[in-house]
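Encoded as structure tokens, the structure appears first; notes follow it.
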Amino acid sequence: MEELFGTIGNILSARMVREGVAEAVFMNEEDAYKSVEVFNNRQLDGQPMCVSVVNKKVPVLAAAAPPQPSRTETKSVLKAAR
């Protein structure tokens, strides 16, 4: 996952959600959208990839600091067709 999506931009994290579904969190929102352009419907192991962008609000945490506004992580979610 990191090797594949890392060709697009910096990845904060990548993980397998379950068999056939993976998630990559990009540092930049533009890179997440570019990953859709590049990889959606592209063949991987004989199956077309279904890549979409999911926005998720994530609170910013800081110890002993005043509350901070939340930031948005932009993810590309890869789903392999069966």
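Going by the structure tokens order, chains are called A, B, ..., each with residues numbered from 1, while ligands are numbered from 1 in the order shown.
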Leaving out Glu3 (chain A) and any residue of its chain fewer than 5 positions from it, which residues lie within 10 Å of it when counting only C-alpha atoms, given as an mmCIF file with N, CA, C and O atoms, in the first residue's frame?
```cif
data_model
loop_
_atom_site.group_PDB
_atom_site.id
_atom_site.type_symbol
_atom_site.label_atom_id
_atom_site.label_comp_id
_atom_site.auth_asym_id
_atom_site.auth_seq_id
_atom_site.Cartn_x
_atom_site.Cartn_y
_atom_site.Cartn_z
ATOM 1 N N ILE A 8 2.363 8.695 -5.384
ATOM 2 C CA ILE A 8 1.542 9.895 -5.597
ATOM 3 C C ILE A 8 1.996 11.039 -4.690
ATOM 4 O O ILE A 8 2.089 12.178 -5.115
ATOM 5 N N ILE A 11 2.572 9.829 2.485
ATOM 6 C CA ILE A 11 1.541 9.065 3.182
ATOM 7 C C ILE A 11 1.756 9.205 4.692
ATOM 8 O O ILE A 11 2.865 9.000 5.179
ATOM 9 N N ALA A 14 -0.936 3.944 6.249
ATOM 10 C CA ALA A 14 -1.594 3.040 5.307
ATOM 11 C C ALA A 14 -1.880 1.746 6.058
ATOM 12 O O ALA A 14 -1.075 1.312 6.881
#
```
Mind checking which residues fall within 7 Å of Ser35 (chain A), counting only C-alpha atoms, ignoring those fewer than 4 positions away in the same chain, and posting them as a ChimeraX atom specification?
-> /A:5,8,31,39
With N, CA, C and O atoms retained, could you export that selection as a compact mmCIF listing (two decimals), in the first residue's frame?
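Saved the output as selection-v5.txt:
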```txt
# COMPACT_ATOMS: atom_id res chain seq x y z
N PHE A 5 0.75 3.80 -3.18
CA PHE A 5 0.21 5.15 -3.02
C PHE A 5 1.30 6.19 -2.77
O PHE A 5 1.11 7.37 -3.03
N ILE A 8 2.36 8.69 -5.38
CA ILE A 8 1.54 9.89 -5.60
C ILE A 8 2.00 11.04 -4.69
O ILE A 8 2.09 12.18 -5.11
N ASP A 31 -3.07 15.23 -3.12
CA ASP A 31 -2.50 13.91 -3.43
C ASP A 31 -3.56 12.81 -3.32
O ASP A 31 -3.56 11.87 -4.11
N PHE A 39 -5.36 5.75 -9.92
CA PHE A 39 -5.56 4.34 -9.62
C PHE A 39 -6.99 3.82 -9.75
O PHE A 39 -7.19 2.61 -9.81
```
